[in-house]
Amino acid sequence: MGAGAATALFGGCAPAAVRNRTMRRPNIVFIMTDDHARSAMSLYGNRILQTPNLDRIGNEGLRFDQAFVTNSLCLPSRATFLTGQYSHVHGMRTNGEDSGFTAEPPLRNAQTWPILLGAQGYHTGMVGKWHINTLPQGYDYTAMIRGQGTYFDPPMWIDGQWRPQQGHTDDVIGDHALHFLRNAPRDRPFALLYQFKAPHRDWNPAPRFRKRFEDVEIPLPASFDEPLEARSQAVRGTMMRIADMPDFRRGAKPGGPQGEALARTNFQQFMRNYYRVLLGVDENVGRVLDYLQQAGLAEDTLVVYTTDNGFFLGEHGLFDKRLMYEPSIRIPLLLRWPGGIEQGRFDDAHFALNIDLAPTLLELGGAPVPATMQGDSWKPLVEGQPTEWRKDFLYEYYEYPGVHCVRPHRGVRNARWKLIEFWREPREYEMYDLANDPDERRNLATDPAHAATFAQLRQRLAELRRQYDDRDPDDYLPDQQVPQECHYG
Ligand SMILES: [Ca+2]
């Protein structure tokens, strides 16, 4: 670590040369994967999966260690990254709602950061997974896969029509990102959304990765065999246990392993493929980083790496996301901009949320930030400047009944505590002391010794709801949600 990095790490100011250069409008490459657990990256401590290109973004820039989403589900989180608003404000609370962006409030496409930067002269592009129920509009270049997409030969929406593509989705999306970058005009800045399908189920890797990890036994998380009996009815009623899934192996025949043995077989199968598709993401991120370097664009380009939500990788015996537990809501978040961010920065002191991205990119891109955006720009954090920052945050989840059967809930998390409220009857609470129980295994919500903390957190939750204009009644169900049964997905 150089002296400059050490200064930044301990809260000092960036050197004047770096500070002044932040005045220039950067190009932006916003990279988003789907369902990428923070722990599935070597930079965040994974010892089996090596992700040298993703790590490069953090090592050559800034790594946030306290980054979270405010609704751990694909479509709602993607809309939040674009609008800087909570789900209850932008209106896309679930994957099932068929509303997308419209010309009218509150779902205005025009109030998303790429469109606002386009109005300030940015050349804009969207390649890969979009997953919002209206087509991306107003981009100079679009190459979009349909809905969740497919892992092989995904047709793409290009120039107003579906066009066939050949190859693995990660590689096809990578090709279109390079196409956009090679053809972007050099007389104005560009902003690209580079959004992968992987590592979303069903985790189908490119042939060149299929043998990787074949002889590797992935360690089970400590809480893998945890019974859920001590938790709320809401959590006991979810359908997210790996042990309850059918055999994940392709072409599996009846009569295979059952019970605990099946849970372990499923875990190894799922984790190996999850890691394999991430190797494809890493490689395709590397292609873009290499191109930026070769084209002389790296210095003036802000590369952001993140995901739309975290993922359970066997913690509490679960997979998928949604619940307000750490593996689901905590995300990787990396920013590299050699011209504006010191190399080797690490921030584990500030909560960075998905509502913050839009105000951040607008401010760095020299565009006004609409007052309707609810997040805070990371600019002072990026520059290592002292700043007043949030001490806690509000979380919300709505999609029910539906895939994995997770009841609606909301909650507040601060540096030490987390309160979760399943707000519809039967109303239930969970509360965790993250300082002493980081794996969230002892629910203290009804423990008399912590009654005062419980009351404080409930009060704080009400305050945060008012602050963020959450007026949903406790029996709220999204208007356009199609009634359906709970299922495993
Ligand atoms: Ca997702």
# chains A, B, ... in the order shown; residues from 1 in each chain; ligands from 1
call {"tool": "residues_around", "arguments": {"residues": "region 186-197 of chain A", "least_positions_apart": "6", "cutoff": "9 Å", "atoms": "only C-alpha atoms", "output": "PDB file with N, CA and C atoms, in the first residue's frame"}}
result
ATOM      1  N   ARG A  25     -15.722  15.870 -15.873  1.00  0.00           N
ATOM      2  CA  ARG A  25     -16.815  14.889 -15.935  1.00  0.00           C
ATOM      3  C   ARG A  25     -16.263  13.544 -16.399  1.00  0.00           C
ATOM      4  N   PRO A  26     -16.442  12.498 -15.622  1.00  0.00           N
ATOM      5  CA  PRO A  26     -15.897  11.193 -16.043  1.00  0.00           C
ATOM      6  C   PRO A  26     -16.830  10.479 -17.009  1.00  0.00           C
ATOM      7  N   ASN A  27     -16.264   9.612 -17.840  1.00  0.00           N
ATOM      8  CA  ASN A  27     -17.085   8.576 -18.470  1.00  0.00           C
ATOM      9  C   ASN A  27     -17.550   7.642 -17.355  1.00  0.00           C
ATOM     10  N   ILE A  28     -18.645   6.941 -17.597  1.00  0.00           N
ATOM     11  CA  ILE A  28     -19.168   6.033 -16.567  1.00  0.00           C
ATOM     12  C   ILE A  28     -19.452   4.662 -17.181  1.00  0.00           C
ATOM     13  N   VAL A  29     -18.903   3.625 -16.556  1.00  0.00           N
ATOM     14  CA  VAL A  29     -19.297   2.251 -16.882  1.00  0.00           C
ATOM     15  C   VAL A  29     -19.876   1.659 -15.602  1.00  0.00           C
ATOM     16  N   PHE A  30     -21.184   1.487 -15.589  1.00  0.00           N
ATOM     17  CA  PHE A  30     -21.880   0.940 -14.418  1.00  0.00           C
ATOM     18  C   PHE A  30     -22.125  -0.548 -14.655  1.00  0.00           C
ATOM     19  N   ILE A  31     -21.410  -1.393 -13.913  1.00  0.00           N
ATOM     20  CA  ILE A  31     -21.513  -2.842 -14.107  1.00  0.00           C
ATOM     21  C   ILE A  31     -22.371  -3.429 -12.993  1.00  0.00           C
ATOM     22  N   MET A  32     -23.447  -4.111 -13.398  1.00  0.00           N
ATOM     23  CA  MET A  32     -24.319  -4.753 -12.418  1.00  0.00           C
ATOM     24  C   MET A  32     -24.513  -6.220 -12.774  1.00  0.00           C
ATOM     25  N   THR A  33     -24.226  -7.090 -11.794  1.00  0.00           N
ATOM     26  CA  THR A  33     -24.564  -8.497 -11.966  1.00  0.00           C
ATOM     27  C   THR A  33     -25.892  -8.754 -11.270  1.00  0.00           C
ATOM     28  N   ASP A  34     -26.378  -9.980 -11.392  1.00  0.00           N
ATOM     29  CA  ASP A  34     -27.682 -10.344 -10.852  1.00  0.00           C
ATOM     30  C   ASP A  34     -27.484 -11.359  -9.727  1.00  0.00           C
ATOM     31  N   ASP A  35     -27.875 -10.985  -8.510  1.00  0.00           N
ATOM     32  CA  ASP A  35     -27.802 -11.940  -7.390  1.00  0.00           C
ATOM     33  C   ASP A  35     -26.370 -12.294  -6.978  1.00  0.00           C
ATOM     34  N   PRO A 114     -29.240   7.778 -16.153  1.00  0.00           N
ATOM     35  CA  PRO A 114     -28.649   7.784 -17.506  1.00  0.00           C
ATOM     36  C   PRO A 114     -29.338   8.798 -18.429  1.00  0.00           C
ATOM     37  N   LEU A 117     -28.208  12.290 -17.468  1.00  0.00           N
ATOM     38  CA  LEU A 117     -26.858  12.558 -17.971  1.00  0.00           C
ATOM     39  C   LEU A 117     -26.865  12.720 -19.495  1.00  0.00           C
ATOM     40  N   GLY A 118     -27.736  11.962 -20.167  1.00  0.00           N
ATOM     41  CA  GLY A 118     -27.867  12.123 -21.615  1.00  0.00           C
ATOM     42  C   GLY A 118     -28.283  13.546 -21.976  1.00  0.00           C
ATOM     43  N   GLY A 121     -25.454  15.874 -22.288  1.00  0.00           N
ATOM     44  CA  GLY A 121     -24.464  15.638 -23.334  1.00  0.00           C
ATOM     45  C   GLY A 121     -23.784  14.287 -23.298  1.00  0.00           C
ATOM     46  N   TYR A 122     -24.095  13.450 -22.323  1.00  0.00           N
ATOM     47  CA  TYR A 122     -23.496  12.111 -22.283  1.00  0.00           C
ATOM     48  C   TYR A 122     -24.050  11.248 -23.417  1.00  0.00           C
ATOM     49  N   HIS A 123     -23.182  10.424 -23.997  1.00  0.00           N
ATOM     50  CA  HIS A 123     -23.577   9.384 -24.938  1.00  0.00           C
ATOM     51  C   HIS A 123     -23.919   8.146 -24.100  1.00  0.00           C
ATOM     52  N   THR A 124     -25.155   7.612 -24.245  1.00  0.00           N
ATOM     53  CA  THR A 124     -25.623   6.613 -23.282  1.00  0.00           C
ATOM     54  C   THR A 124     -25.881   5.255 -23.936  1.00  0.00           C
ATOM     55  N   GLY A 125     -25.667   4.200 -23.160  1.00  0.00           N
ATOM     56  CA  GLY A 125     -25.926   2.845 -23.643  1.00  0.00           C
ATOM     57  C   GLY A 125     -26.415   1.938 -22.532  1.00  0.00           C
ATOM     58  N   MET A 126     -27.209   0.931 -22.904  1.00  0.00           N
ATOM     59  CA  MET A 126     -27.710  -0.072 -21.968  1.00  0.00           C
ATOM     60  C   MET A 126     -27.529  -1.433 -22.616  1.00  0.00           C
ATOM     61  N   VAL A 127     -26.650  -2.279 -22.073  1.00  0.00           N
ATOM     62  CA  VAL A 127     -26.474  -3.613 -22.632  1.00  0.00           C
ATOM     63  C   VAL A 127     -26.674  -4.662 -21.550  1.00  0.00           C
ATOM     64  N   GLY A 128     -27.413  -5.731 -21.898  1.00  0.00           N
ATOM     65  CA  GLY A 128     -27.592  -6.850 -20.993  1.00  0.00           C
ATOM     66  C   GLY A 128     -28.963  -6.912 -20.378  1.00  0.00           C
ATOM     67  N   LYS A 129     -28.992  -7.316 -19.101  1.00  0.00           N
ATOM     68  CA  LYS A 129     -30.271  -7.528 -18.426  1.00  0.00           C
ATOM     69  C   LYS A 129     -30.844  -6.202 -17.921  1.00  0.00           C
ATOM     70  N   TRP A 130     -32.088  -5.946 -18.234  1.00  0.00           N
ATOM     71  CA  TRP A 130     -32.778  -4.715 -17.854  1.00  0.00           C
ATOM     72  C   TRP A 130     -33.846  -5.058 -16.819  1.00  0.00           C
ATOM     73  N   ILE A 145     -31.361  -8.142 -23.196  1.00  0.00           N
ATOM     74  CA  ILE A 145     -31.942  -9.483 -23.192  1.00  0.00           C
ATOM     75  C   ILE A 145     -33.353  -9.397 -22.637  1.00  0.00           C
ATOM     76  N   GLN A 148     -35.699 -12.196 -17.710  1.00  0.00           N
ATOM     77  CA  GLN A 148     -34.569 -12.830 -17.019  1.00  0.00           C
ATOM     78  C   GLN A 148     -33.509 -13.323 -17.997  1.00  0.00           C
ATOM     79  N   GLY A 149     -33.872 -13.417 -19.277  1.00  0.00           N
ATOM     80  CA  GLY A 149     -32.906 -13.869 -20.267  1.00  0.00           C
ATOM     81  C   GLY A 149     -32.648 -15.365 -20.180  1.00  0.00           C
ATOM     82  N   THR A 150     -31.832 -15.837 -21.100  1.00  0.00           N
ATOM     83  CA  THR A 150     -31.433 -17.244 -21.102  1.00  0.00           C
ATOM     84  C   THR A 150     -29.908 -17.279 -21.124  1.00  0.00           C
ATOM     85  N   TYR A 151     -29.333 -18.422 -20.708  1.00  0.00           N
ATOM     86  CA  TYR A 151     -27.872 -18.482 -20.615  1.00  0.00           C
ATOM     87  C   TYR A 151     -27.187 -18.657 -21.969  1.00  0.00           C
ATOM     88  N   THR A 169     -24.460 -16.048 -22.540  1.00  0.00           N
ATOM     89  CA  THR A 169     -24.983 -14.706 -22.271  1.00  0.00           C
ATOM     90  C   THR A 169     -23.906 -13.734 -21.785  1.00  0.00           C
ATOM     91  N   ASP A 170     -23.003 -14.179 -20.890  1.00  0.00           N
ATOM     92  CA  ASP A 170     -21.952 -13.275 -20.390  1.00  0.00           C
ATOM     93  C   ASP A 170     -21.097 -12.746 -21.540  1.00  0.00           C
ATOM     94  N   ILE A 173     -23.157 -10.340 -23.914  1.00  0.00           N
ATOM     95  CA  ILE A 173     -23.313  -9.022 -23.296  1.00  0.00           C
ATOM     96  C   ILE A 173     -21.972  -8.277 -23.312  1.00  0.00           C
ATOM     97  N   GLY A 174     -20.891  -9.014 -23.064  1.00  0.00           N
ATOM     98  CA  GLY A 174     -19.554  -8.406 -23.135  1.00  0.00           C
ATOM     99  C   GLY A 174     -19.241  -7.865 -24.516  1.00  0.00           C
ATOM    100  N   HIS A 176     -21.346  -6.723 -26.701  1.00  0.00           N
ATOM    101  CA  HIS A 176     -22.104  -5.487 -26.947  1.00  0.00           C
ATOM    102  C   HIS A 176     -21.552  -4.315 -26.137  1.00  0.00           C
ATOM    103  N   ALA A 177     -21.023  -4.599 -24.952  1.00  0.00           N
ATOM    104  CA  ALA A 177     -20.389  -3.513 -24.183  1.00  0.00           C
ATOM    105  C   ALA A 177     -19.185  -2.977 -24.951  1.00  0.00           C
ATOM    106  N   PHE A 180     -20.283  -0.885 -27.908  1.00  0.00           N
ATOM    107  CA  PHE A 180     -20.674   0.474 -27.498  1.00  0.00           C
ATOM    108  C   PHE A 180     -19.433   1.340 -27.259  1.00  0.00           C
ATOM    109  N   VAL A 281     -18.407 -13.773 -15.751  1.00  0.00           N
ATOM    110  CA  VAL A 281     -18.576 -12.339 -15.493  1.00  0.00           C
ATOM    111  C   VAL A 281     -17.207 -11.685 -15.329  1.00  0.00           C
ATOM    112  N   THR A 301     -12.389   7.363 -16.753  1.00  0.00           N
ATOM    113  CA  THR A 301     -13.618   6.570 -16.695  1.00  0.00           C
ATOM    114  C   THR A 301     -13.856   6.045 -15.284  1.00  0.00           C
ATOM    115  N   THR A 307     -24.267  -5.187  -7.661  1.00  0.00           N
ATOM    116  CA  THR A 307     -25.281  -6.180  -8.000  1.00  0.00           C
ATOM    117  C   THR A 307     -26.640  -5.662  -7.557  1.00  0.00           C
ATOM    118  N   GLY A 365     -21.233  13.653 -12.707  1.00  0.00           N
ATOM    119  CA  GLY A 365     -21.404  13.952 -14.125  1.00  0.00           C
ATOM    120  C   GLY A 365     -21.830  15.392 -14.399  1.00  0.00           C
TER     121      GLY A 365
END
call {"tool": "residues_around", "arguments": {"residues": "Arg458 (chain A)", "least_positions_apart": "3", "cutoff": "12 Å", "atoms": "only C-alpha atoms", "output": "mmCIF file with N, CA, C and O atoms, in the first residue's frame"}}
result
data_model
loop_
_atom_site.group_PDB
_atom_site.id
_atom_site.type_symbol
_atom_site.label_atom_id
_atom_site.label_comp_id
_atom_site.auth_asym_id
_atom_site.auth_seq_id
_atom_site.Cartn_x
_atom_site.Cartn_y
_atom_site.Cartn_z
ATOM 1 N N LEU A 394 -33.451 2.308 6.317
ATOM 2 C CA LEU A 394 -34.739 1.626 6.222
ATOM 3 C C LEU A 394 -34.673 0.553 5.136
ATOM 4 O O LEU A 394 -34.132 0.790 4.058
ATOM 5 N N ARG A 410 -40.447 -4.955 6.810
ATOM 6 C CA ARG A 410 -39.609 -3.765 6.755
ATOM 7 C C ARG A 410 -38.698 -3.812 7.955
ATOM 8 O O ARG A 410 -38.875 -4.649 8.853
ATOM 9 N N GLY A 411 -37.730 -2.916 7.993
ATOM 10 C CA GLY A 411 -36.842 -2.943 9.151
ATOM 11 C C GLY A 411 -35.864 -1.804 9.144
ATOM 12 O O GLY A 411 -35.799 -1.002 8.198
ATOM 13 N N VAL A 412 -35.120 -1.735 10.242
ATOM 14 C CA VAL A 412 -34.074 -0.733 10.373
ATOM 15 C C VAL A 412 -32.794 -1.450 10.784
ATOM 16 O O VAL A 412 -32.828 -2.395 11.573
ATOM 17 N N ARG A 413 -31.689 -1.015 10.212
ATOM 18 C CA ARG A 413 -30.379 -1.560 10.584
ATOM 19 C C ARG A 413 -29.457 -0.403 10.915
ATOM 20 O O ARG A 413 -29.385 0.574 10.163
ATOM 21 N N TRP A 417 -27.406 -2.929 15.572
ATOM 22 C CA TRP A 417 -28.676 -3.634 15.711
ATOM 23 C C TRP A 417 -29.445 -3.717 14.411
ATOM 24 O O TRP A 417 -29.310 -2.868 13.540
ATOM 25 N N LYS A 418 -30.309 -4.734 14.364
ATOM 26 C CA LYS A 418 -31.261 -4.853 13.258
ATOM 27 C C LYS A 418 -32.619 -5.248 13.813
ATOM 28 O O LYS A 418 -32.727 -6.204 14.590
ATOM 29 N N LEU A 419 -33.651 -4.498 13.418
ATOM 30 C CA LEU A 419 -35.026 -4.856 13.759
ATOM 31 C C LEU A 419 -35.772 -5.178 12.470
ATOM 32 O O LEU A 419 -35.704 -4.415 11.502
ATOM 33 N N ILE A 420 -36.470 -6.308 12.453
ATOM 34 C CA ILE A 420 -37.277 -6.707 11.293
ATOM 35 C C ILE A 420 -38.727 -6.807 11.749
ATOM 36 O O ILE A 420 -39.011 -7.463 12.754
ATOM 37 N N GLU A 421 -39.622 -6.170 11.000
ATOM 38 C CA GLU A 421 -41.051 -6.225 11.315
ATOM 39 C C GLU A 421 -41.808 -6.855 10.145
ATOM 40 O O GLU A 421 -41.799 -6.309 9.034
ATOM 41 N N TRP A 423 -45.096 -6.972 8.860
ATOM 42 C CA TRP A 423 -46.104 -6.030 9.318
ATOM 43 C C TRP A 423 -47.540 -6.510 9.171
ATOM 44 O O TRP A 423 -48.421 -6.033 9.858
ATOM 45 N N TYR A 429 -41.883 -9.835 14.979
ATOM 46 C CA TYR A 429 -40.611 -9.095 14.964
ATOM 47 C C TYR A 429 -39.435 -10.051 15.149
ATOM 48 O O TYR A 429 -39.536 -11.064 15.838
ATOM 49 N N GLU A 430 -38.319 -9.669 14.556
ATOM 50 C CA GLU A 430 -37.041 -10.290 14.888
ATOM 51 C C GLU A 430 -36.052 -9.157 15.160
ATOM 52 O O GLU A 430 -36.140 -8.089 14.542
ATOM 53 N N MET A 431 -35.143 -9.389 16.090
ATOM 54 C CA MET A 431 -34.140 -8.363 16.401
ATOM 55 C C MET A 431 -32.792 -9.046 16.656
ATOM 56 O O MET A 431 -32.733 -10.049 17.376
ATOM 57 N N ALA A 445 -35.992 -10.223 19.915
ATOM 58 C CA ALA A 445 -37.140 -9.311 19.864
ATOM 59 C C ALA A 445 -38.020 -9.394 21.102
ATOM 60 O O ALA A 445 -38.592 -8.393 21.516
ATOM 61 N N ALA A 451 -35.624 -4.956 25.958
ATOM 62 C CA ALA A 451 -36.900 -4.292 25.642
ATOM 63 C C ALA A 451 -36.699 -2.823 25.261
ATOM 64 O O ALA A 451 -37.385 -2.307 24.375
ATOM 65 N N ALA A 452 -35.769 -2.155 25.931
ATOM 66 C CA ALA A 452 -35.553 -0.731 25.643
ATOM 67 C C ALA A 452 -35.011 -0.540 24.228
ATOM 68 O O ALA A 452 -35.458 0.342 23.484
ATOM 69 N N THR A 453 -34.064 -1.391 23.834
ATOM 70 C CA THR A 453 -33.519 -1.316 22.474
ATOM 71 C C THR A 453 -34.612 -1.600 21.448
ATOM 72 O O THR A 453 -34.721 -0.920 20.427
ATOM 73 N N PHE A 454 -35.424 -2.596 21.748
ATOM 74 C CA PHE A 454 -36.532 -2.947 20.851
ATOM 75 C C PHE A 454 -37.458 -1.736 20.646
ATOM 76 O O PHE A 454 -37.821 -1.398 19.510
ATOM 77 N N ALA A 455 -37.808 -1.052 21.738
ATOM 78 C CA ALA A 455 -38.695 0.113 21.645
ATOM 79 C C ALA A 455 -38.028 1.244 20.856
ATOM 80 O O ALA A 455 -38.673 1.891 20.015
ATOM 81 N N LEU A 461 -37.773 3.132 13.330
ATOM 82 C CA LEU A 461 -38.381 2.636 12.094
ATOM 83 C C LEU A 461 -39.520 3.558 11.649
ATOM 84 O O LEU A 461 -39.631 3.902 10.466
ATOM 85 N N ALA A 462 -40.343 3.975 12.595
ATOM 86 C CA ALA A 462 -41.439 4.901 12.266
ATOM 87 C C ALA A 462 -40.886 6.227 11.751
ATOM 88 O O ALA A 462 -41.402 6.799 10.782
ATOM 89 N N GLU A 463 -39.810 6.725 12.380
ATOM 90 C CA GLU A 463 -39.203 7.989 11.930
ATOM 91 C C GLU A 463 -38.658 7.863 10.508
ATOM 92 O O GLU A 463 -38.849 8.738 9.670
ATOM 93 N N LEU A 464 -37.980 6.774 10.242
ATOM 94 C CA LEU A 464 -37.407 6.585 8.901
ATOM 95 C C LEU A 464 -38.510 6.472 7.847
ATOM 96 O O LEU A 464 -38.376 6.978 6.734
ATOM 97 N N ARG A 465 -39.612 5.816 8.205
ATOM 98 C CA ARG A 465 -40.723 5.714 7.242
ATOM 99 C C ARG A 465 -41.257 7.099 6.908
ATOM 100 O O ARG A 465 -41.572 7.387 5.751
#
call {"tool": "residues_near_ligand", "arguments": {"ligand": "ligand 1", "cutoff": "9 Å", "atoms": "only C-alpha atoms and all ligand atoms", "output": "ChimeraX atom specification"}}
result
/A:33-36,72-75,77-78,197,199-200,307-311,321
call {"tool": "write_last_selection", "arguments": {"atoms": "N, CA, C and O atoms", "output": "PDB file, in the first residue's frame"}}
result
ATOM      1  N   THR A  33     -24.226  -7.090 -11.794  1.00  0.00           N
ATOM      2  CA  THR A  33     -24.564  -8.497 -11.966  1.00  0.00           C
ATOM      3  C   THR A  33     -25.892  -8.754 -11.270  1.00  0.00           C
ATOM      4  O   THR A  33     -26.449  -7.884 -10.620  1.00  0.00           O
ATOM      5  N   ASP A  34     -26.378  -9.980 -11.392  1.00  0.00           N
ATOM      6  CA  ASP A  34     -27.682 -10.344 -10.852  1.00  0.00           C
ATOM      7  C   ASP A  34     -27.484 -11.359  -9.727  1.00  0.00           C
ATOM      8  O   ASP A  34     -26.933 -12.431  -9.952  1.00  0.00           O
ATOM      9  N   ASP A  35     -27.875 -10.985  -8.510  1.00  0.00           N
ATOM     10  CA  ASP A  35     -27.802 -11.940  -7.390  1.00  0.00           C
ATOM     11  C   ASP A  35     -26.370 -12.294  -6.978  1.00  0.00           C
ATOM     12  O   ASP A  35     -26.091 -13.451  -6.637  1.00  0.00           O
ATOM     13  N   HIS A  36     -25.477 -11.337  -6.971  1.00  0.00           N
ATOM     14  CA  HIS A  36     -24.079 -11.627  -6.632  1.00  0.00           C
ATOM     15  C   HIS A  36     -23.829 -11.438  -5.130  1.00  0.00           C
ATOM     16  O   HIS A  36     -23.734 -10.302  -4.651  1.00  0.00           O
ATOM     17  N   SER A  72     -34.421  -6.272  -1.374  1.00  0.00           N
ATOM     18  CA  SER A  72     -33.539  -7.274  -1.969  1.00  0.00           C
ATOM     19  C   SER A  72     -34.285  -8.121  -2.991  1.00  0.00           C
ATOM     20  O   SER A  72     -34.591  -9.285  -2.767  1.00  0.00           O
ATOM     21  N   LEU A  73     -34.578  -7.501  -4.124  1.00  0.00           N
ATOM     22  CA  LEU A  73     -35.291  -8.174  -5.202  1.00  0.00           C
ATOM     23  C   LEU A  73     -34.941  -7.447  -6.507  1.00  0.00           C
ATOM     24  O   LEU A  73     -34.758  -6.227  -6.520  1.00  0.00           O
ATOM     25  N   CYS A  74     -34.898  -8.230  -7.607  1.00  0.00           N
ATOM     26  CA  CYS A  74     -34.324  -7.727  -8.860  1.00  0.00           C
ATOM     27  C   CYS A  74     -34.921  -6.407  -9.327  1.00  0.00           C
ATOM     28  O   CYS A  74     -34.273  -5.373  -9.345  1.00  0.00           O
ATOM     29  N   LEU A  75     -36.188  -6.462  -9.752  1.00  0.00           N
ATOM     30  CA  LEU A  75     -36.773  -5.296 -10.424  1.00  0.00           C
ATOM     31  C   LEU A  75     -36.842  -4.072  -9.497  1.00  0.00           C
ATOM     32  O   LEU A  75     -36.427  -2.980  -9.890  1.00  0.00           O
ATOM     33  N   SER A  77     -35.011  -3.263  -7.000  1.00  0.00           N
ATOM     34  CA  SER A  77     -33.678  -2.709  -6.741  1.00  0.00           C
ATOM     35  C   SER A  77     -33.107  -2.028  -7.981  1.00  0.00           C
ATOM     36  O   SER A  77     -32.475  -0.972  -7.893  1.00  0.00           O
ATOM     37  N   ARG A  78     -33.341  -2.609  -9.150  1.00  0.00           N
ATOM     38  CA  ARG A  78     -32.854  -1.986 -10.389  1.00  0.00           C
ATOM     39  C   ARG A  78     -33.497  -0.616 -10.587  1.00  0.00           C
ATOM     40  O   ARG A  78     -32.828   0.357 -10.969  1.00  0.00           O
ATOM     41  N   LYS A 197     -26.673 -11.174 -16.750  1.00  0.00           N
ATOM     42  CA  LYS A 197     -27.685 -12.085 -16.219  1.00  0.00           C
ATOM     43  C   LYS A 197     -27.099 -12.908 -15.059  1.00  0.00           C
ATOM     44  O   LYS A 197     -27.766 -13.117 -14.041  1.00  0.00           O
ATOM     45  N   PRO A 199     -24.941 -13.940 -11.770  1.00  0.00           N
ATOM     46  CA  PRO A 199     -25.099 -15.356 -11.475  1.00  0.00           C
ATOM     47  C   PRO A 199     -26.521 -15.756 -11.063  1.00  0.00           C
ATOM     48  O   PRO A 199     -26.699 -16.552 -10.147  1.00  0.00           O
ATOM     49  N   HIS A 200     -27.536 -15.235 -11.753  1.00  0.00           N
ATOM     50  CA  HIS A 200     -28.922 -15.622 -11.472  1.00  0.00           C
ATOM     51  C   HIS A 200     -29.139 -17.086 -11.873  1.00  0.00           C
ATOM     52  O   HIS A 200     -28.518 -17.569 -12.798  1.00  0.00           O
ATOM     53  N   THR A 307     -24.267  -5.187  -7.661  1.00  0.00           N
ATOM     54  CA  THR A 307     -25.281  -6.180  -8.000  1.00  0.00           C
ATOM     55  C   THR A 307     -26.640  -5.662  -7.557  1.00  0.00           C
ATOM     56  O   THR A 307     -26.711  -4.720  -6.769  1.00  0.00           O
ATOM     57  N   ASP A 308     -27.728  -6.282  -8.057  1.00  0.00           N
ATOM     58  CA  ASP A 308     -29.056  -5.775  -7.684  1.00  0.00           C
ATOM     59  C   ASP A 308     -29.514  -6.261  -6.321  1.00  0.00           C
ATOM     60  O   ASP A 308     -30.407  -5.679  -5.720  1.00  0.00           O
ATOM     61  N   ASN A 309     -28.936  -7.346  -5.833  1.00  0.00           N
ATOM     62  CA  ASN A 309     -29.238  -7.842  -4.483  1.00  0.00           C
ATOM     63  C   ASN A 309     -28.204  -8.894  -4.113  1.00  0.00           C
ATOM     64  O   ASN A 309     -27.533  -9.442  -4.986  1.00  0.00           O
ATOM     65  N   GLY A 310     -28.091  -9.175  -2.810  1.00  0.00           N
ATOM     66  CA  GLY A 310     -27.197 -10.242  -2.371  1.00  0.00           C
ATOM     67  C   GLY A 310     -27.844 -11.596  -2.586  1.00  0.00           C
ATOM     68  O   GLY A 310     -28.805 -11.738  -3.362  1.00  0.00           O
ATOM     69  N   PHE A 311     -27.321 -12.620  -1.911  1.00  0.00           N
ATOM     70  CA  PHE A 311     -27.838 -13.973  -2.110  1.00  0.00           C
ATOM     71  C   PHE A 311     -27.404 -14.839  -0.933  1.00  0.00           C
ATOM     72  O   PHE A 311     -26.283 -14.726  -0.453  1.00  0.00           O
ATOM     73  N   LYS A 321     -32.896 -14.746  -1.839  1.00  0.00           N
ATOM     74  CA  LYS A 321     -32.589 -13.443  -1.209  1.00  0.00           C
ATOM     75  C   LYS A 321     -33.816 -12.962  -0.435  1.00  0.00           C
ATOM     76  O   LYS A 321     -34.282 -13.636   0.439  1.00  0.00           O
TER      77      LYS A 321
END
call {"tool": "atom_distance", "arguments": {"atom1": "CA of Glu383 (chain A)", "atom2": "CA of Glu342 (chain A)"}}
result
8.0 Å
call {"tool": "residues_around", "arguments": {"residues": "Phe248 (chain A)", "least_positions_apart": "5", "cutoff": "12 Å", "atoms": "only C-alpha atoms", "output": "VMD selection string"}}
result
chain A and resid 201 to 204 242 to 243 253 256 to 257 262 to 273
call {"tool": "write_last_selection", "arguments": {"atoms": "C-alpha atoms", "output": "compact mmCIF listing (two decimals), in the first residue's frame"}}
result
# COMPACT_ATOMS: atom_id res chain seq x y z
CA ARG A 201 -30.39 -19.14 -11.55
CA ASP A 202 -30.20 -21.56 -13.24
CA TRP A 203 -26.42 -21.04 -13.14
CA ASN A 204 -25.49 -22.52 -16.49
CA ILE A 242 -31.84 -25.95 0.03
CA ALA A 243 -32.82 -29.17 1.84
CA LYS A 253 -33.46 -39.41 -11.78
CA GLY A 256 -31.36 -40.16 -5.62
CA PRO A 257 -30.21 -38.81 -2.26
CA LEU A 262 -29.73 -34.23 -0.83
CA ALA A 263 -29.15 -30.86 0.87
CA ARG A 264 -25.40 -31.41 0.65
CA THR A 265 -25.51 -32.63 -2.94
CA ASN A 266 -27.65 -29.65 -3.92
CA PHE A 267 -25.33 -27.23 -2.15
CA GLN A 268 -22.23 -28.48 -3.96
CA GLN A 269 -24.01 -28.52 -7.32
CA PHE A 270 -25.43 -25.03 -6.95
CA MET A 271 -22.27 -23.46 -5.53
CA ARG A 272 -19.96 -24.88 -8.21
CA ASN A 273 -22.17 -23.56 -10.98
call {"tool": "select_by_dssp", "arguments": {"residues": "region 167-405 of chain A", "states": "alpha helix (DSSP H)", "output": "ChimeraX atom specification"}}
result
/A:169-183,233-236,259-294,326-329,357-364,379-382
call {"tool": "closest_residue", "arguments": {"among": "A:Gly84, A:Gly58, A:Pro76, A:Pro448", "to": "Val369 (chain A)", "atoms": "only C-alpha atoms"}}
result
A:Gly84
call {"tool": "select_by_dssp", "arguments": {"residues": "region 152-298 of chain A", "states": "strand (DSSP E or B)", "output": "list in words"}}
result
Phe152, Met156, Trp157, Ile158, Gln161, Trp162, Arg163, His168, Phe190, Ala191, Leu192, Leu193, Tyr194, Gln195 and Arg241 of chain A
